[in-house]
$ cat data31.pdb   # PDB, C-alpha atoms and all ligand atoms
ATOM      1  CA  MET A 234      -3.926  -1.681-164.695  1.00  0.00           C
ATOM      2  CA  GLU A 235      -5.954   0.888-162.806  1.00  0.00           C
ATOM      3  CA  VAL A 236      -9.505   1.232-161.580  1.00  0.00           C
ATOM      4  CA  VAL A 237     -11.548   4.446-161.716  1.00  0.00           C
ATOM      5  CA  PHE A 238     -14.491   4.210-159.334  1.00  0.00           C
ATOM      6  CA  ARG A 239     -17.082   6.124-157.379  1.00  0.00           C
ATOM      7  CA  CYS A 240     -16.520   5.647-153.675  1.00  0.00           C
ATOM      8  CA  PRO A 241     -19.533   3.798-152.162  1.00  0.00           C
ATOM      9  CA  SER A 242     -19.129   5.840-148.988  1.00  0.00           C
ATOM     10  CA  CYS A 243     -18.545   9.479-150.034  1.00  0.00           C
ATOM     11  CA  GLU A 244     -19.458   9.145-153.753  1.00  0.00           C
ATOM     12  CA  GLN A 245     -16.305  10.970-154.868  1.00  0.00           C
ATOM     13  CA  THR A 246     -14.516   9.675-157.956  1.00  0.00           C
ATOM     14  CA  GLY A 247     -11.214   8.038-157.187  1.00  0.00           C
ATOM     15  CA  ARG A 248      -8.588   6.038-159.009  1.00  0.00           C
ATOM     16  CA  SER A 249      -6.214   3.406-157.806  1.00  0.00           C
ATOM     17  CA  PRO A 250      -3.581   1.135-159.359  1.00  0.00           C
ATOM     18  CA  LEU A 251      -4.577  -2.499-159.493  1.00  0.00           C
ATOM     19  CA  ASN A 252      -2.683  -5.754-159.912  1.00  0.00           C
ATOM     20  CA  GLU A 253      -2.859  -9.355-158.771  1.00  0.00           C
ATOM     21  CA  GLU A 254      -1.352  -8.474-155.367  1.00  0.00           C
ATOM     22  CA  THR A 255      -3.796  -5.669-154.597  1.00  0.00           C
ATOM     23  CA  THR A 256      -5.916  -6.527-151.558  1.00  0.00           C
ATOM     24  CA  GLU A 257      -7.370  -3.136-150.665  1.00  0.00           C
ATOM     25  CA  ILE A 258      -8.493  -0.054-152.553  1.00  0.00           C
ATOM     26  CA  PRO A 259      -8.504   3.073-150.417  1.00  0.00           C
ATOM     27  CA  CYS A 260     -10.598   6.171-151.186  1.00  0.00           C
ATOM     28  CA  ALA A 261      -8.391   9.268-151.360  1.00  0.00           C
ATOM     29  CA  SER A 262     -11.270  11.523-150.242  1.00  0.00           C
ATOM     30  CA  CYS A 263     -12.735   9.809-147.171  1.00  0.00           C
ATOM     31  CA  GLY A 264     -10.296   6.979-146.392  1.00  0.00           C
ATOM     32  CA  GLN A 265     -12.918   4.245-146.800  1.00  0.00           C
ATOM     33  CA  VAL A 266     -11.196   1.000-147.841  1.00  0.00           C
ATOM     34  CA  CYS A 267     -12.706  -1.493-150.276  1.00  0.00           C
ATOM     35  CA  GLY A 268     -11.438  -5.011-149.710  1.00  0.00           C
ATOM     36  CA  VAL A 269     -10.647  -6.791-152.976  1.00  0.00           C
ATOM     37  CA  PRO A 270     -12.334 -10.222-153.218  1.00  0.00           C
ATOM     38  CA  PRO A 271      -9.521 -12.821-153.429  1.00  0.00           C
ATOM     39  CA  GLU A 272     -10.519 -14.341-156.769  1.00  0.00           C
ATOM     40  CA  ALA A 273     -11.436 -11.061-158.475  1.00  0.00           C
ATOM     41  CA  ILE A 274      -8.083 -10.394-160.140  1.00  0.00           C
ATOM     42  CA  GLY A 275      -6.256 -13.284-161.688  1.00  0.00           C
ATOM     43  CA  SER A 276      -3.802 -13.793-164.498  1.00  0.00           C
ATOM     44  CA  GLN A 277      -6.942 -13.898-166.648  1.00  0.00           C
ATOM     45  CA  GLY A 278      -7.732 -10.299-165.743  1.00  0.00           C
ATOM     46  CA  ILE A 279     -10.845  -9.112-163.940  1.00  0.00           C
ATOM     47  CA  SER A 280     -13.578 -11.628-163.154  1.00  0.00           C
ATOM     48  CA  ARG A 281     -15.683  -9.484-160.834  1.00  0.00           C
ATOM     49  CA  CYS A 282     -15.884  -5.855-159.788  1.00  0.00           C
ATOM     50  CA  VAL A 283     -13.527  -5.099-156.892  1.00  0.00           C
ATOM     51  CA  ILE A 284     -15.717  -2.219-155.695  1.00  0.00           C
ATOM     52  CA  CYS A 285     -19.236  -3.737-155.594  1.00  0.00           C
ATOM     53  CA  ARG A 286     -18.315  -7.412-156.219  1.00  0.00           C
ATOM     54  CA  SER A 287     -20.711  -7.785-159.116  1.00  0.00           C
ATOM     55  CA  HIS A 288     -19.875 -10.443-161.714  1.00  0.00           C
ATOM     56  CA  ASP A 289     -21.539  -8.519-164.526  1.00  0.00           C
ATOM     57  CA  LEU A 290     -18.944  -6.560-166.467  1.00  0.00           C
ATOM     58  CA  PHE A 291     -18.845  -5.398-170.041  1.00  0.00           C
ATOM     59  CA  ILE A 292     -16.119  -4.310-172.408  1.00  0.00           C
ATOM     60  CA  ARG A 293     -16.075  -1.124-174.410  1.00  0.00           C
ATOM     61  CA  LYS A 294     -13.675   1.178-176.211  1.00  0.00           C
ATOM     62  CA  ASP A 295     -12.166   3.636-173.771  1.00  0.00           C
ATOM     63  CA  PHE A 296     -12.817   6.454-176.202  1.00  0.00           C
ATOM     64  CA  PRO A 297     -12.459   9.991-174.857  1.00  0.00           C
ATOM     65  CA  GLN A 298     -16.000  11.106-175.753  1.00  0.00           C
ATOM     66  CA  ARG A 299     -15.364  14.812-175.323  1.00  0.00           C
ATOM     67  CA  LEU A 300     -12.451  14.655-177.753  1.00  0.00           C
ATOM     68  CA  GLY A 301     -14.641  12.783-180.254  1.00  0.00           C
ATOM     69  CA  VAL A 302     -17.312  15.484-180.046  1.00  0.00           C
ATOM     70  CA  ILE A 303     -14.748  18.288-180.439  1.00  0.00           C
ATOM     71  CA  ILE A 304     -13.303  16.660-183.579  1.00  0.00           C
ATOM     72  CA  VAL A 305     -16.762  16.264-185.137  1.00  0.00           C
ATOM     73  CA  VAL A 306     -17.825  19.829-184.257  1.00  0.00           C
ATOM     74  CA  VAL A 307     -14.594  21.426-185.518  1.00  0.00           C
ATOM     75  CA  GLY A 308     -14.716  19.299-188.680  1.00  0.00           C
ATOM     76  CA  SER A 309     -18.351  20.248-189.377  1.00  0.00           C
ATOM     77  CA  LEU A 310     -17.763  23.967-188.806  1.00  0.00           C
ATOM     78  CA  ALA A 311     -14.658  23.983-191.022  1.00  0.00           C
ATOM     79  CA  SER A 312     -16.434  22.109-193.811  1.00  0.00           C
ATOM     80  CA  CYS A 313     -19.466  24.441-193.578  1.00  0.00           C
ATOM     81  CA  TYR A 314     -17.149  27.406-193.936  1.00  0.00           C
ATOM     82  CA  ALA A 315     -15.428  25.798-196.924  1.00  0.00           C
ATOM     83  CA  TRP A 316     -18.864  25.070-198.463  1.00  0.00           C
ATOM     84  CA  TYR A 317     -19.861  28.688-197.888  1.00  0.00           C
ATOM     85  CA  ARG A 318     -16.704  29.767-199.721  1.00  0.00           C
ATOM     86  CA  HIS A 319     -17.657  27.430-202.605  1.00  0.00           C
ATOM     87  CA  ALA A 320     -14.512  25.361-202.053  1.00  0.00           C
ATOM     88  CA  LEU A 321     -16.065  22.004-202.912  1.00  0.00           C
ATOM     89  CA  PHE A 322     -12.915  19.895-202.782  1.00  0.00           C
ATOM     90  CA  LEU A 323     -11.844  21.464-199.516  1.00  0.00           C
ATOM     91  CA  THR A 324     -15.301  20.764-198.030  1.00  0.00           C
ATOM     92  CA  PHE A 325     -15.108  17.059-198.765  1.00  0.00           C
ATOM     93  CA  GLY A 326     -11.413  16.971-197.909  1.00  0.00           C
ATOM     94  CA  ILE A 327     -12.176  18.288-194.415  1.00  0.00           C
ATOM     95  CA  LEU A 328     -15.049  15.818-193.944  1.00  0.00           C
ATOM     96  CA  PHE A 329     -12.834  12.963-195.076  1.00  0.00           C
ATOM     97  CA  ILE A 330      -9.984  13.955-192.752  1.00  0.00           C
ATOM     98  CA  THR A 331     -12.412  14.299-189.816  1.00  0.00           C
ATOM     99  CA  ALA A 332     -13.750  10.794-190.424  1.00  0.00           C
ATOM    100  CA  ALA A 333     -10.205   9.426-190.838  1.00  0.00           C
ATOM    101  CA  ILE A 334      -9.099  10.923-187.498  1.00  0.00           C
ATOM    102  CA  ASP A 335     -12.145   9.376-185.807  1.00  0.00           C
ATOM    103  CA  VAL A 336     -11.415   5.935-187.249  1.00  0.00           C
ATOM    104  CA  LEU A 337      -7.736   6.201-186.330  1.00  0.00           C
ATOM    105  CA  LEU A 338      -8.571   7.184-182.747  1.00  0.00           C
ATOM    106  CA  TYR A 339     -11.027   4.313-182.506  1.00  0.00           C
ATOM    107  CA  LEU A 340      -8.337   1.854-183.597  1.00  0.00           C
ATOM    108  CA  LEU A 341      -5.728   3.328-181.265  1.00  0.00           C
ATOM    109  CA  VAL A 342      -7.706   3.528-178.025  1.00  0.00           C
ATOM    110  CA  ARG A 343      -7.673   0.498-175.789  1.00  0.00           C
ATOM    111  CA  ASP A 344     -10.571  -1.352-174.255  1.00  0.00           C
ATOM    112  CA  ALA A 345     -11.916  -0.693-170.798  1.00  0.00           C
ATOM    113  CA  ILE A 346     -13.863  -3.109-168.616  1.00  0.00           C
ATOM    114  CA  VAL A 347     -16.880  -1.467-166.995  1.00  0.00           C
ATOM    115  CA  CYS A 348     -19.092  -2.665-164.132  1.00  0.00           C
ATOM    116  CA  TYR A 349     -22.838  -2.600-164.808  1.00  0.00           C
ATOM    117  CA  ARG A 350     -23.767  -2.041-161.195  1.00  0.00           C
ATOM    118  CA  CYS A 351     -21.397   0.665-159.943  1.00  0.00           C
ATOM    119  CA  GLY A 352     -19.845   1.937-163.184  1.00  0.00           C
ATOM    120  CA  ALA A 353     -16.239   1.278-162.113  1.00  0.00           C
ATOM    121  CA  HIS A 354     -13.807   1.422-165.071  1.00  0.00           C
ATOM    122  CA  TYR A 355     -10.837  -0.929-165.378  1.00  0.00           C
ATOM    123  CA  ARG A 356      -8.146   0.356-167.709  1.00  0.00           C
ATOM    124  CA  GLY A 357      -4.830  -0.788-169.068  1.00  0.00           C
ATOM    125  CA  TYR A 358      -5.493  -4.467-169.061  1.00  0.00           C
ATOM    126  CA  ASP A 359      -5.130  -7.016-171.842  1.00  0.00           C
ATOM    127  CA  ASP A 360      -8.437  -8.438-172.959  1.00  0.00           C
ATOM    128  CA  ASP A 361      -8.718 -12.198-172.766  1.00  0.00           C
ATOM    129  CA  ASP A 362     -12.038 -12.294-174.670  1.00  0.00           C
ATOM    130  CA  SER A 363     -13.902 -13.319-171.523  1.00  0.00           C
ATOM    131  CA  HIS A 364     -15.951 -10.104-171.473  1.00  0.00           C
ATOM    132  CA  THR A 365     -18.909  -9.341-173.656  1.00  0.00           C
ATOM    133  CA  PRO A 366     -19.948  -5.961-175.073  1.00  0.00           C
ATOM    134  CA  PHE A 367     -22.615  -3.819-173.444  1.00  0.00           C
ATOM    135  CA  ASN A 368     -25.967  -5.563-173.029  1.00  0.00           C
ATOM    136  CA  LEU A 369     -29.023  -3.336-172.559  1.00  0.00           C
ATOM    137  CA  GLU A 370     -31.008  -6.061-170.771  1.00  0.00           C
ATOM    138  CA  ILE A 371     -28.404  -6.466-168.017  1.00  0.00           C
ATOM    139  CA  HIS A 372     -27.999  -2.700-167.774  1.00  0.00           C
ATOM    140  CA  GLU A 373     -31.779  -2.318-167.357  1.00  0.00           C
ATOM    141  CA  ARG A 374     -31.804  -4.950-164.595  1.00  0.00           C
ATOM    142  CA  TYR A 375     -29.179  -3.022-162.621  1.00  0.00           C
ATOM    143  CA  ARG A 376     -30.868   0.304-163.289  1.00  0.00           C
ATOM    144  CA  GLN A 377     -34.105  -1.024-161.805  1.00  0.00           C
ATOM    145  CA  GLU A 378     -32.249  -2.531-158.873  1.00  0.00           C
ATOM    146  CA  ALA A 379     -30.683   0.883-158.181  1.00  0.00           C
ATOM    147  CA  ALA A 380     -34.095   2.552-158.435  1.00  0.00           C
ATOM    148  CA  ARG A 381     -35.551   0.077-155.924  1.00  0.00           C
ATOM    149  CA  GLN A 382     -32.642   0.695-153.527  1.00  0.00           C
ATOM    150  CA  GLU A 383     -33.266   4.422-153.756  1.00  0.00           C
ATOM    151  CA  LEU A 384     -36.963   3.927-153.042  1.00  0.00           C
ATOM    152  CA  LYS A 385     -36.114   1.784-150.015  1.00  0.00           C
ATOM    153  CA  GLY A 386     -33.817   4.549-148.771  1.00  0.00           C
ATOM    154  CA  VAL A 387     -36.663   7.071-149.078  1.00  0.00           C
ATOM    155  CA  ASN A 388     -39.067   4.760-147.218  1.00  0.00           C
ATOM    156  CA  LYS A 389     -36.550   4.304-144.426  1.00  0.00           C
ATOM    157  CA  ALA A 390     -36.193   8.048-144.103  1.00  0.00           C
ATOM    158  CA  VAL A 391     -39.989   8.415-143.889  1.00  0.00           C
ATOM    159  CA  ASP A 392     -40.529   5.541-141.436  1.00  0.00           C
ATOM    160  CA  PRO A 393     -39.414   7.243-138.197  1.00  0.00           C
ATOM    161  CA  ASP A 394     -42.000  10.004-138.755  1.00  0.00           C
ATOM    162  CA  GLN A 395     -44.731   7.437-139.246  1.00  0.00           C
ATOM    163  CA  ASN A 396     -43.763   5.734-135.991  1.00  0.00           C
ATOM    164  CA  LEU A 397     -43.875   9.035-134.171  1.00  0.00           C
ATOM    165  CA  SER A 398     -47.206  10.289-135.451  1.00  0.00           C
ATOM    166  CA  PRO A 399     -49.492   8.016-133.316  1.00  0.00           C
ATOM    167  CA  ARG A 400     -47.823   9.292-130.136  1.00  0.00           C
ATOM    168  CA  VAL A 401     -48.271  12.973-131.043  1.00  0.00           C
TER
HETATM  169 ZN    ZN B 501     -14.721   7.980-150.186  1.00  0.00          ZN
HETATM  170 ZN    ZN B 502     -19.036  -2.618-159.525  1.00  0.00          ZN
END

$ encode --input "data31.pdb" --output "structure tokens"
Amino acid sequence: MEVVFRCPSCEQTGRSPLNEETTEIPCASCGQVCGVPPEAIGSQGISRCVICRSHDLFIRKDFPQRLGVIIVVVGSLASCYAWYRHALFLTFGILFITAAIDVLLYLLVRDAIVCYRCGAHYRGYDDDDSHTPFNLEIHERYRQEAARQELKGVNKAVDPDQNLSPRV
């Protein structure tokens, strides 16, 4: 199993192998170390995010989105060209093959566990059915929490000026 994460300190994307014995996840860019909570990784898989410690995780297909888009675009262009050349069977043949490749890819790719809060991806792990698919409500909750944090950060940055102004 491995985790792909955004370092909370330097915000660079890093990846690190992960197993039941892992206690620390170092950032390759800045050296910041994330301590793994003791009960986070068990034989049951991941129960909480090892980067931000959130318990809210969802499961999704680890589909390479760029590849999916390329297949659809190439398939559409090829079928348009075939249509333009009045090759009806070829047009539908290309569309059918494009769809078949998409379905095949979807069946072949494995699941990834993703953290709502920090977006860390956990790959190469066997699903034990303990994770639920993406839930917009939970996602919205974390999005608003992140927005509030950002606002707080801005206020903090403004505060020192406000304290200074009466003295000036
Ligand atoms: Zn870092
Ligand atoms: Zn997280």

$ closest_residue --input "data31.pdb" --among "A:Phe238, A:Tyr358, A:Phe329, A:Phe322" --to "ligand ZN 502 (chain B)" --atoms "all atoms listed in the file"
A:Phe238

$ atom_distance --input "data31.pdb" --atom1 "CA of Ala332 in chain A" --atom2 "CA of Ala320 in chain A"
18.7 Å

$ closest_residue --input "data31.pdb" --among "A:Ser312, A:Thr365, A:Gln377, A:Gln265" --to "Ile292 in chain A" --atoms "only C-alpha atoms"
A:Thr365

$ closest_residue --input "data31.pdb" --among "A:Ala261, A:Val347, A:Val269, A:Leu337" --to "ligand ZN 501 (chain B)" --atoms "all atoms listed in the file"
A:Ala261

$ residues_near_ligand --input "data31.pdb" --ligand "ligand ZN 501 (chain B)" --cutoff "10 Å" --atoms "all atoms listed in the file" --output "ChimeraX atom specification"
/A:238-247,259-267

$ residues_around --input "data31.pdb" --residues "Pro270 in chain A" --least-positions-apart "6" --cutoff "12 Å" --atoms "only C-alpha atoms" --output "list in words"
Glu253, Glu254, Thr255, Thr256, Glu257, Ile258, Ile279, Ser280, Arg281, Cys282, Val283, Ile284, Cys285, Arg286, Ser287 and His288 of chain A

$ resolve_selection --input "data31.pdb" --expression "the PyMOL selection byres (((chain A and resi 328) around 12) and not hetatm)" --output "list in words"
Ile304, Val305, Val306, Val307, Gly308, Ser309, Leu310, Ala311, Ser312, Cys313, Tyr314, Ala315, Trp316, Leu321, Phe322, Leu323, Thr324, Phe325, Gly326, Ile327, Phe329, Ile330, Thr331, Ala332, Ala333, Ile334 and Asp335 of chain A

$ axis_aligned_box --input "data31.pdb" --around "range 290-293 of chain A" --padding-each-side "6 Å" --output "lines of an AutoDock Vina configuration file"
center_x = -17.5
center_y = -3.8
center_z = -170.4
size_x = 14.9
size_y = 17.4
size_z = 19.9

$ closest_residue --input "data31.pdb" --among "A:Arg374, A:Arg299, A:Lys294, A:Arg318" --to "Leu341 in chain A" --atoms "all atoms listed in the file"
A:Lys294

$ atom_distance --input "data31.pdb" --atom1 "CA of Ala345 in chain A" --atom2 "CA of Phe291 in chain A"
8.4 Å

$ decode --input "data31.pdb" --residues "range 242-356 of chain A" --atoms "C-alpha atoms" --output "short mmCIF file (atom, residue, chain, number, x, y, z; two decimals), in the first residue's frame"
data_model
loop_
_atom_site.label_atom_id
_atom_site.label_comp_id
_atom_site.auth_asym_id
_atom_site.auth_seq_id
_atom_site.Cartn_x
_atom_site.Cartn_y
_atom_site.Cartn_z
CA SER A 242 4.00 21.97 5.97
CA CYS A 243 5.34 22.77 2.47
CA GLU A 244 2.25 21.75 0.43
CA GLN A 245 4.32 19.68 -2.00
CA THR A 246 2.88 16.37 -3.19
CA GLY A 247 4.68 13.37 -1.80
CA ARG A 248 4.24 9.63 -1.72
CA SER A 249 5.29 7.07 0.80
CA PRO A 250 4.90 3.31 1.25
CA LEU A 251 2.55 2.33 4.03
CA ASN A 252 1.98 -0.84 6.03
CA GLU A 253 0.97 -1.89 9.52
CA GLU A 254 4.48 -1.21 10.88
CA THR A 255 4.72 2.32 9.50
CA THR A 256 4.96 4.86 12.32
CA GLU A 257 6.16 7.95 10.47
CA ILE A 258 5.66 9.46 7.04
CA PRO A 259 8.43 11.83 6.04
CA CYS A 260 8.05 14.57 3.41
CA ALA A 261 10.71 14.23 0.71
CA SER A 262 10.66 17.99 0.02
CA CYS A 263 10.93 19.63 3.45
CA GLY A 264 11.66 16.75 5.84
CA GLN A 265 8.53 17.34 7.93
CA VAL A 266 7.46 14.04 9.55
CA CYS A 267 3.84 13.02 10.04
CA GLY A 268 3.39 10.64 12.94
CA VAL A 269 0.99 7.81 12.11
CA PRO A 270 -1.77 7.42 14.74
CA PRO A 271 -1.33 3.93 16.28
CA GLU A 272 -4.78 2.58 15.40
CA ALA A 273 -4.95 4.10 11.91
CA ILE A 274 -3.63 1.10 9.98
CA GLY A 275 -4.79 -2.32 10.99
CA SER A 276 -5.29 -5.66 9.31
CA GLN A 277 -8.66 -4.18 8.34
CA GLY A 278 -6.94 -1.51 6.27
CA ILE A 279 -7.19 2.23 6.86
CA SER A 280 -9.53 3.51 9.56
CA ARG A 281 -8.38 7.13 9.64
CA CYS A 282 -6.19 9.42 7.58
CA VAL A 283 -2.53 9.17 8.62
CA ILE A 284 -1.82 12.72 7.43
CA CYS A 285 -4.63 14.79 9.01
CA ARG A 286 -6.13 12.10 11.31
CA SER A 287 -9.64 12.55 9.98
CA HIS A 288 -11.98 9.56 10.25
CA ASP A 289 -13.94 10.56 7.16
CA LEU A 290 -12.68 8.63 4.15
CA PHE A 291 -14.37 7.58 0.96
CA ILE A 292 -13.70 4.97 -1.67
CA ARG A 293 -13.50 5.57 -5.38
CA LYS A 294 -12.12 4.01 -8.54
CA ASP A 295 -8.51 5.02 -9.00
CA PHE A 296 -9.18 5.81 -12.63
CA PRO A 297 -6.50 7.75 -14.49
CA GLN A 298 -8.77 10.64 -15.54
CA ARG A 299 -6.41 12.06 -18.15
CA LEU A 300 -6.23 8.69 -19.89
CA GLY A 301 -10.04 8.46 -19.85
CA VAL A 302 -10.34 11.88 -21.48
CA ILE A 303 -7.72 11.03 -24.13
CA ILE A 304 -9.57 7.82 -25.06
CA VAL A 305 -12.89 9.66 -25.40
CA VAL A 306 -11.38 12.52 -27.43
CA VAL A 307 -9.45 10.22 -29.79
CA GLY A 308 -12.51 7.98 -30.20
CA SER A 309 -14.78 10.95 -30.98
CA LEU A 310 -12.37 12.47 -33.50
CA ALA A 311 -11.84 9.12 -35.26
CA SER A 312 -15.58 8.45 -35.44
CA CYS A 313 -16.26 11.99 -36.74
CA TYR A 314 -13.70 11.42 -39.47
CA ALA A 315 -15.27 8.06 -40.35
CA TRP A 316 -18.72 9.74 -40.42
CA TYR A 317 -17.33 12.44 -42.70
CA ARG A 318 -16.05 9.72 -45.02
CA HIS A 319 -19.54 8.14 -45.00
CA ALA A 320 -18.17 4.97 -43.41
CA LEU A 321 -21.21 4.25 -41.24
CA PHE A 322 -20.13 0.88 -39.89
CA LEU A 323 -16.66 2.16 -39.10
CA THR A 324 -18.18 5.15 -37.25
CA PHE A 325 -20.21 2.96 -34.93
CA GLY A 326 -17.41 0.41 -34.70
CA ILE A 327 -15.05 3.10 -33.38
CA LEU A 328 -17.66 4.38 -30.90
CA PHE A 329 -18.30 0.85 -29.69
CA ILE A 330 -14.59 0.09 -29.25
CA THR A 331 -14.07 3.38 -27.37
CA ALA A 332 -16.88 2.53 -24.96
CA ALA A 333 -15.56 -1.04 -24.56
CA ILE A 334 -12.06 0.22 -23.67
CA ASP A 335 -13.58 2.58 -21.08
CA VAL A 336 -15.61 -0.21 -19.47
CA LEU A 337 -12.61 -2.55 -19.47
CA LEU A 338 -10.40 0.08 -17.83
CA TYR A 339 -13.07 0.75 -15.24
CA LEU A 340 -13.21 -2.95 -14.35
CA LEU A 341 -9.43 -3.30 -14.25
CA VAL A 342 -8.50 -0.29 -12.12
CA ARG A 343 -8.43 -0.78 -8.38
CA ASP A 344 -10.09 1.26 -5.69
CA ALA A 345 -8.42 4.07 -3.83
CA ILE A 346 -9.33 5.39 -0.39
CA VAL A 347 -9.42 9.18 -0.28
CA CYS A 348 -9.51 11.55 2.70
CA TYR A 349 -12.24 14.21 2.62
CA ARG A 350 -10.26 16.72 4.61
CA CYS A 351 -6.76 16.67 3.11
CA GLY A 352 -7.29 14.69 -0.10
CA ALA A 353 -4.66 12.03 0.71
CA HIS A 354 -4.97 8.96 -1.56
CA TYR A 355 -4.39 5.43 -0.28
CA ARG A 356 -3.62 2.95 -3.04
#
